[in-house]
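S.K.: So that you have it, the file is protein-v4.pdb, and it contains PDB, C-alpha atoms, pLDDT in the B column:
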```
ATOM      1  CA  MET S   1     116.916  84.381  49.573  1.00 44.00           C
ATOM      2  CA  THR S   2     115.822  87.831  50.610  1.00 44.00           C
ATOM      3  CA  ALA S   3     112.271  89.063  50.273  1.00 42.00           C
ATOM      4  CA  ASP S   4     113.492  91.421  47.535  1.00 44.00           C
ATOM      5  CA  GLU S   5     114.985  88.517  45.531  1.00 45.00           C
ATOM      6  CA  SER S   6     111.749  86.539  45.752  1.00 45.00           C
ATOM      7  CA  LEU S   7     110.094  89.220  43.632  1.00 46.00           C
ATOM      8  CA  HIS S   8     112.442  88.365  40.774  1.00 73.00           C
ATOM      9  CA  VAL S   9     111.850  84.619  40.752  1.00 79.00           C
ATOM     10  CA  THR S  10     110.075  83.731  37.530  1.00 88.00           C
ATOM     11  CA  ALA S  11     110.515  79.952  37.548  1.00 90.00           C
ATOM     12  CA  THR S  12     107.227  78.066  37.299  1.00 93.00           C
ATOM     13  CA  ASP S  13     105.640  76.314  40.264  1.00 94.00           C
ATOM     14  CA  ARG S  14     106.378  72.988  38.534  1.00 96.00           C
ATOM     15  CA  SER S  15     110.064  73.883  38.229  1.00 96.00           C
ATOM     16  CA  ILE S  16     110.248  74.844  41.882  1.00 96.00           C
ATOM     17  CA  GLU S  17     108.508  71.594  42.837  1.00 97.00           C
ATOM     18  CA  LEU S  18     111.057  69.584  40.794  1.00 98.00           C
ATOM     19  CA  VAL S  19     113.985  71.539  42.265  1.00 98.00           C
ATOM     20  CA  ASN S  20     112.793  70.922  45.830  1.00 98.00           C
ATOM     21  CA  ALA S  21     112.280  67.189  45.282  1.00 98.00           C
ATOM     22  CA  ALA S  22     115.660  66.837  43.547  1.00 98.00           C
ATOM     23  CA  ALA S  23     117.411  68.856  46.263  1.00 98.00           C
ATOM     24  CA  GLN S  24     115.884  66.732  49.017  1.00 98.00           C
ATOM     25  CA  ALA S  25     116.874  63.529  47.187  1.00 98.00           C
ATOM     26  CA  ALA S  26     120.433  64.821  46.813  1.00 98.00           C
ATOM     27  CA  ALA S  27     120.582  65.792  50.492  1.00 97.00           C
ATOM     28  CA  ASP S  28     119.297  62.344  51.470  1.00 97.00           C
ATOM     29  CA  ARG S  29     122.288  60.848  49.597  1.00 97.00           C
ATOM     30  CA  LEU S  30     124.655  63.243  51.398  1.00 96.00           C
ATOM     31  CA  ALA S  31     125.366  65.613  48.518  1.00 97.00           C
ATOM     32  CA  HIS S  32     127.380  68.706  49.388  1.00 95.00           C
ATOM     33  CA  ASP S  33     126.809  72.357  48.580  1.00 96.00           C
ATOM     34  CA  ILE S  34     123.344  72.038  47.086  1.00 97.00           C
ATOM     35  CA  ILE S  35     122.158  75.267  45.495  1.00 96.00           C
ATOM     36  CA  ALA S  36     119.507  76.187  42.932  1.00 97.00           C
ATOM     37  CA  TYR S  37     119.224  79.182  40.638  1.00 97.00           C
ATOM     38  CA  ASP S  38     116.272  80.594  38.756  1.00 96.00           C
ATOM     39  CA  VAL S  39     117.742  81.007  35.256  1.00 96.00           C
ATOM     40  CA  SER S  40     114.394  81.553  33.517  1.00 94.00           C
ATOM     41  CA  ASP S  41     115.092  85.218  32.764  1.00 93.00           C
ATOM     42  CA  VAL S  42     118.438  84.521  31.070  1.00 93.00           C
ATOM     43  CA  LEU S  43     117.830  81.138  29.408  1.00 92.00           C
ATOM     44  CA  SER S  44     114.899  80.115  27.276  1.00 91.00           C
ATOM     45  CA  ILE S  45     115.680  76.386  27.490  1.00 94.00           C
ATOM     46  CA  THR S  46     115.022  75.828  31.198  1.00 96.00           C
ATOM     47  CA  ASP S  47     113.737  77.545  34.339  1.00 96.00           C
ATOM     48  CA  ALA S  48     116.216  76.413  36.966  1.00 97.00           C
ATOM     49  CA  PHE S  49     119.596  74.839  37.602  1.00 97.00           C
ATOM     50  CA  LEU S  50     120.236  72.649  40.629  1.00 98.00           C
ATOM     51  CA  LEU S  51     123.880  72.084  41.558  1.00 97.00           C
ATOM     52  CA  ALA S  52     125.151  69.429  43.959  1.00 97.00           C
ATOM     53  CA  SER S  53     128.482  67.751  44.553  1.00 96.00           C
ATOM     54  CA  ALA S  54     129.984  64.661  46.116  1.00 96.00           C
ATOM     55  CA  PRO S  55     133.514  63.547  47.028  1.00 95.00           C
ATOM     56  CA  SER S  56     133.528  60.349  44.930  1.00 95.00           C
ATOM     57  CA  ASP S  57     132.339  59.028  41.575  1.00 95.00           C
ATOM     58  CA  ARG S  58     130.339  56.339  43.348  1.00 95.00           C
ATOM     59  CA  GLN S  59     128.485  58.888  45.442  1.00 96.00           C
ATOM     60  CA  VAL S  60     127.800  61.054  42.366  1.00 97.00           C
ATOM     61  CA  LYS S  61     126.112  58.017  40.782  1.00 96.00           C
ATOM     62  CA  SER S  62     124.153  57.308  43.962  1.00 97.00           C
ATOM     63  CA  ILE S  63     122.887  60.900  44.134  1.00 98.00           C
ATOM     64  CA  VAL S  64     121.889  60.900  40.456  1.00 98.00           C
ATOM     65  CA  ASP S  65     120.059  57.579  40.814  1.00 97.00           C
ATOM     66  CA  GLU S  66     118.174  58.847  43.881  1.00 98.00           C
ATOM     67  CA  ILE S  67     117.152  62.074  42.143  1.00 98.00           C
ATOM     68  CA  GLU S  68     115.889  60.174  39.101  1.00 98.00           C
ATOM     69  CA  GLU S  69     113.988  57.657  41.208  1.00 98.00           C
ATOM     70  CA  ARG S  70     112.449  60.296  43.488  1.00 98.00           C
ATOM     71  CA  LEU S  71     111.321  62.602  40.678  1.00 98.00           C
ATOM     72  CA  LEU S  72     109.780  59.710  38.754  1.00 98.00           C
ATOM     73  CA  LYS S  73     108.068  58.196  41.794  1.00 98.00           C
ATOM     74  CA  GLU S  74     106.808  61.408  43.417  1.00 97.00           C
ATOM     75  CA  LEU S  75     106.257  63.694  40.425  1.00 97.00           C
ATOM     76  CA  GLY S  76     106.122  61.433  37.369  1.00 98.00           C
ATOM     77  CA  ALA S  77     109.107  63.256  35.859  1.00 98.00           C
ATOM     78  CA  LYS S  78     111.677  61.527  33.657  1.00 97.00           C
ATOM     79  CA  PRO S  79     114.783  63.223  32.308  1.00 97.00           C
ATOM     80  CA  VAL S  80     114.793  63.810  28.554  1.00 97.00           C
ATOM     81  CA  ARG S  81     118.568  63.584  28.625  1.00 96.00           C
ATOM     82  CA  ARG S  82     121.218  62.166  30.952  1.00 96.00           C
ATOM     83  CA  GLU S  83     124.881  62.829  30.269  1.00 96.00           C
ATOM     84  CA  GLY S  84     128.153  61.990  32.002  1.00 95.00           C
ATOM     85  CA  ASP S  85     127.212  58.574  33.392  1.00 84.00           C
ATOM     86  CA  ARG S  86     130.310  56.748  32.246  1.00 87.00           C
ATOM     87  CA  GLU S  87     132.844  58.838  34.149  1.00 88.00           C
ATOM     88  CA  ALA S  88     130.443  59.998  36.887  1.00 91.00           C
ATOM     89  CA  ARG S  89     132.506  63.149  37.379  1.00 95.00           C
ATOM     90  CA  TRP S  90     129.750  65.463  36.189  1.00 96.00           C
ATOM     91  CA  VAL S  91     126.317  64.032  35.498  1.00 98.00           C
ATOM     92  CA  LEU S  92     123.670  66.227  33.931  1.00 97.00           C
ATOM     93  CA  LEU S  93     119.966  65.401  34.172  1.00 98.00           C
ATOM     94  CA  ASP S  94     117.780  67.464  31.849  1.00 98.00           C
ATOM     95  CA  TYR S  95     114.124  67.569  32.870  1.00 98.00           C
ATOM     96  CA  VAL S  96     113.370  70.472  30.476  1.00 96.00           C
ATOM     97  CA  ASP S  97     111.889  72.575  33.317  1.00 97.00           C
ATOM     98  CA  ILE S  98     115.060  72.112  35.366  1.00 98.00           C
ATOM     99  CA  VAL S  99     118.590  70.896  34.733  1.00 98.00           C
ATOM    100  CA  VAL S 100     120.382  69.058  37.530  1.00 98.00           C
ATOM    101  CA  HIS S 101     124.185  69.070  37.684  1.00 98.00           C
ATOM    102  CA  VAL S 102     125.765  66.559  40.077  1.00 98.00           C
ATOM    103  CA  GLN S 103     129.516  67.021  40.081  1.00 97.00           C
ATOM    104  CA  HIS S 104     132.492  65.386  41.704  1.00 96.00           C
ATOM    105  CA  SER S 105     133.811  67.926  44.228  1.00 94.00           C
ATOM    106  CA  GLU S 106     136.956  68.527  42.133  1.00 94.00           C
ATOM    107  CA  GLU S 107     134.898  69.366  39.037  1.00 95.00           C
ATOM    108  CA  ARG S 108     132.657  71.603  41.108  1.00 94.00           C
ATOM    109  CA  VAL S 109     135.630  73.686  42.203  1.00 93.00           C
ATOM    110  CA  PHE S 110     137.258  73.693  38.761  1.00 94.00           C
ATOM    111  CA  TYR S 111     134.194  74.676  36.720  1.00 94.00           C
ATOM    112  CA  ALA S 112     132.645  76.910  39.418  1.00 92.00           C
ATOM    113  CA  LEU S 113     129.196  77.095  37.839  1.00 92.00           C
ATOM    114  CA  GLU S 114     128.098  79.360  40.679  1.00 90.00           C
ATOM    115  CA  ARG S 115     130.219  82.138  39.148  1.00 92.00           C
ATOM    116  CA  LEU S 116     128.236  81.925  35.912  1.00 91.00           C
ATOM    117  CA  TRP S 117     124.828  82.095  37.586  1.00 92.00           C
ATOM    118  CA  LYS S 118     125.553  84.278  40.642  1.00 90.00           C
ATOM    119  CA  ASP S 119     123.456  87.128  39.239  1.00 93.00           C
ATOM    120  CA  CYS S 120     120.386  84.884  38.991  1.00 94.00           C
ATOM    121  CA  PRO S 121     118.039  84.626  41.977  1.00 95.00           C
ATOM    122  CA  GLU S 122     118.765  81.729  44.288  1.00 95.00           C
ATOM    123  CA  LEU S 123     115.767  79.467  44.831  1.00 95.00           C
ATOM    124  CA  PRO S 124     114.780  78.461  48.363  1.00 94.00           C
ATOM    125  CA  LEU S 125     115.483  74.812  49.147  1.00 96.00           C
ATOM    126  CA  PRO S 126     114.334  72.333  51.795  1.00 94.00           C
ATOM    127  CA  GLU S 127     116.157  72.749  55.105  1.00 94.00           C
ATOM    128  CA  ASP S 128     118.154  69.496  54.665  1.00 91.00           C
ATOM    129  CA  ALA S 129     119.497  70.749  51.340  1.00 93.00           C
ATOM    130  CA  LYS S 130     120.332  74.216  52.702  1.00 90.00           C
ATOM    131  CA  ASN S 131     122.319  72.608  55.502  1.00 90.00           C
ATOM    132  CA  THR S 132     124.739  71.034  52.986  1.00 88.00           C
ATOM    133  CA  ARG S 133     126.374  74.381  52.159  1.00 83.00           C
ATOM    134  CA  GLY S 134     130.069  74.401  53.026  1.00 74.00           C
ATOM    135  CA  LYS S 135     130.117  70.649  53.652  1.00 57.00           C
ATOM    136  CA  ALA S 136     132.618  70.005  50.818  1.00 53.00           C
ATOM    137  CA  ALA S 137     135.186  72.326  52.415  1.00 52.00           C
ATOM    138  CA  GLU S 138     134.630  70.702  55.812  1.00 52.00           C
ATOM    139  CA  HIS S 139     134.969  67.214  54.288  1.00 47.00           C
ATOM    140  CA  ALA S 140     138.243  68.227  52.602  1.00 48.00           C
ATOM    141  CA  ARG S 141     139.558  69.610  55.903  1.00 48.00           C
ATOM    142  CA  LEU S 142     138.648  66.475  57.857  1.00 49.00           C
ATOM    143  CA  THR S 143     140.103  64.076  55.281  1.00 46.00           C
ATOM    144  CA  GLY S 144     143.248  66.122  54.762  1.00 46.00           C
ATOM    145  CA  ALA S 145     142.431  66.893  51.137  1.00 45.00           C
ATOM    146  CA  ASP S 146     143.079  70.573  51.860  1.00 44.00           C
ATOM    147  CA  GLY S 147     146.618  69.921  53.126  1.00 42.00           C
ATOM    148  CA  SER S 148     145.729  70.110  56.818  1.00 43.00           C
ATOM    149  CA  GLY S 149     145.418  66.364  57.282  1.00 41.00           C
ATOM    150  CA  PRO S 150     145.546  64.520  60.568  1.00 43.00           C
ATOM    151  CA  ASP S 151     148.917  64.291  62.214  1.00 38.00           C
ATOM    152  CA  THR S 152     150.340  61.014  63.536  1.00 39.00           C
ATOM    153  CA  ASP S 153     148.158  60.901  66.642  1.00 41.00           C
ATOM    154  CA  GLY S 154     144.979  61.410  64.584  1.00 42.00           C
ATOM    155  CA  GLU S 155     144.492  65.043  65.510  1.00 44.00           C
ATOM    156  CA  LEU S 156     144.067  67.680  62.853  1.00 41.00           C
ATOM    157  CA  ARG S 157     147.039  69.997  62.450  1.00 36.00           C
TER     158      ARG S 157
END
```
Mind turning this structure into structure tokens?

M.R.:
Amino acid sequence: MTADESLHVTATDRSIELVNAAAQAAADRLAHDIIAYDVSDVLSITDAFLLASAPSDRQVKSIVDEIEERLLKELGAKPVRREGDREARWVLLDYVDIVVHVQHSEERVFYALERLWKDCPELPLPEDAKNTRGKAAEHARLTGADGSGPDTDGELR
């Protein structure tokens, strides 16, 4: 975030605290492409959105569980709503002040929530969370999910 953008951040300190704790929890569970937006100027229902993704349903569940546990333990915050558990393709945790979206990597690409919120200021995140940007594309490349899979001797083509 640039110094100019920081002037436009209107999310509360509590929201920023929740976003940072949730982002760190997601990073600790190896979430990819963690990003947070201050949506307080355009939405009256919440201050911030946190987006994170993972390559499998199991990992989505693990990330969601870690976020819930961390926010309860460290900040006494419990979600008022949790949706998407059954399929674990897109789980939404609503903490009123923030809404956390943990998506399977395929859903993340398909729904591209970043496009909807790109005009909102990006919130600064802990270093571990920032370092997850672009990890989904790298994971796809290394596993061959992008069509460039390993050839017969194990080397990438």

S.K.: Just the residues within 9 Å of stretch 65-74 of chain S, please, counting all atoms listed in the file, with nothing from its chain fewer than 4 positions along; format it as a VMD selection string.

M.R.: chain S and resid 18 21 to 26 28 to 29 60 to 61 78 to 79 93 100

S.K.: Given the file above and the PyMOL selection byres ((chain S and resi 55) around 9), which residues are selected, and can you give them as a PDB file with C-alpha atoms, in the coordinates of the input?

M.R.:
```
ATOM      1  CA  ALA S  31     125.366  65.613  48.518  1.00 97.00           C
ATOM      2  CA  HIS S  32     127.380  68.706  49.388  1.00 95.00           C
ATOM      3  CA  SER S  53     128.482  67.751  44.553  1.00 96.00           C
ATOM      4  CA  ALA S  54     129.984  64.661  46.116  1.00 96.00           C
ATOM      5  CA  SER S  56     133.528  60.349  44.930  1.00 95.00           C
ATOM      6  CA  ASP S  57     132.339  59.028  41.575  1.00 95.00           C
ATOM      7  CA  ARG S  58     130.339  56.339  43.348  1.00 95.00           C
ATOM      8  CA  GLN S  59     128.485  58.888  45.442  1.00 96.00           C
ATOM      9  CA  VAL S  60     127.800  61.054  42.366  1.00 97.00           C
ATOM     10  CA  GLN S 103     129.516  67.021  40.081  1.00 97.00           C
ATOM     11  CA  HIS S 104     132.492  65.386  41.704  1.00 96.00           C
ATOM     12  CA  SER S 105     133.811  67.926  44.228  1.00 94.00           C
ATOM     13  CA  GLU S 106     136.956  68.527  42.133  1.00 94.00           C
ATOM     14  CA  ALA S 136     132.618  70.005  50.818  1.00 53.00           C
ATOM     15  CA  HIS S 139     134.969  67.214  54.288  1.00 47.00           C
ATOM     16  CA  ALA S 140     138.243  68.227  52.602  1.00 48.00           C
TER      17      ALA S 140
END
```

S.K.: Step by step, work through what the PyMOL selection byres ((chain S and resi 112-121) around 9) selects in the shown file, and finish by giving those residues as a PyMOL selection string.

M.R.: chain S and resi 1+5-6+8-9+35-42+49+51+107-111+122-123

S.K.: Quick one: distance from atom CA of S:Ala77 to atom CA of S:Ala48 in Å, one decimal?

M.R.: 15.0 Å

S.K.: Could you tell me how far atom CA of S:Asn131 lies from atom CA of S:Asn20, in Å and to one decimal?

M.R.: 13.7 Å

S.K.: For S:Thr132, work out the shell of residues within 7 Å, counting all atoms listed in the file and skipping chain neighbours fewer than 2 positions away, then give it as a ChimeraX atom specification.

M.R.: /S:32-34,128-130,134-135

S.K.: Considering only C-alpha atoms, state which residue in the set S:Leu125, S:Asp13, S:Gly76, S:Ala52 is at the smallest distance from S:Arg89.

M.R.: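 Using only C-alpha atoms, S:Arg89 sits closest to S:Ala52.
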
S.K.: Adding 4 Å on each side of the box along x, y and z that holds all listed atoms of stretch 92-97 of chain S, could you give its centre and edge lengths in Å to one decimal, as JSON?

M.R.:
```
{"center_x": 117.8, "center_y": 69.0, "center_z": 32.3, "size_x": 19.8, "size_y": 15.2, "size_z": 11.7}
```

S.K.: Identify which of the residues S:Ala27, S:Val64, S:Ala11, S:Arg133 lies closest to S:Gly84, counting all atoms listed in the file when measuring atom-to-atom distances.

M.R.: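 Looking only at the distances to S:Gly84, the closest residue turns out to be S:Val64.
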
S.K.: What gap, in Å, lies between atom CA of S:Val99 and atom CA of S:Glu87?

M.R.: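 Interatomic distance here is 18.7 Å.
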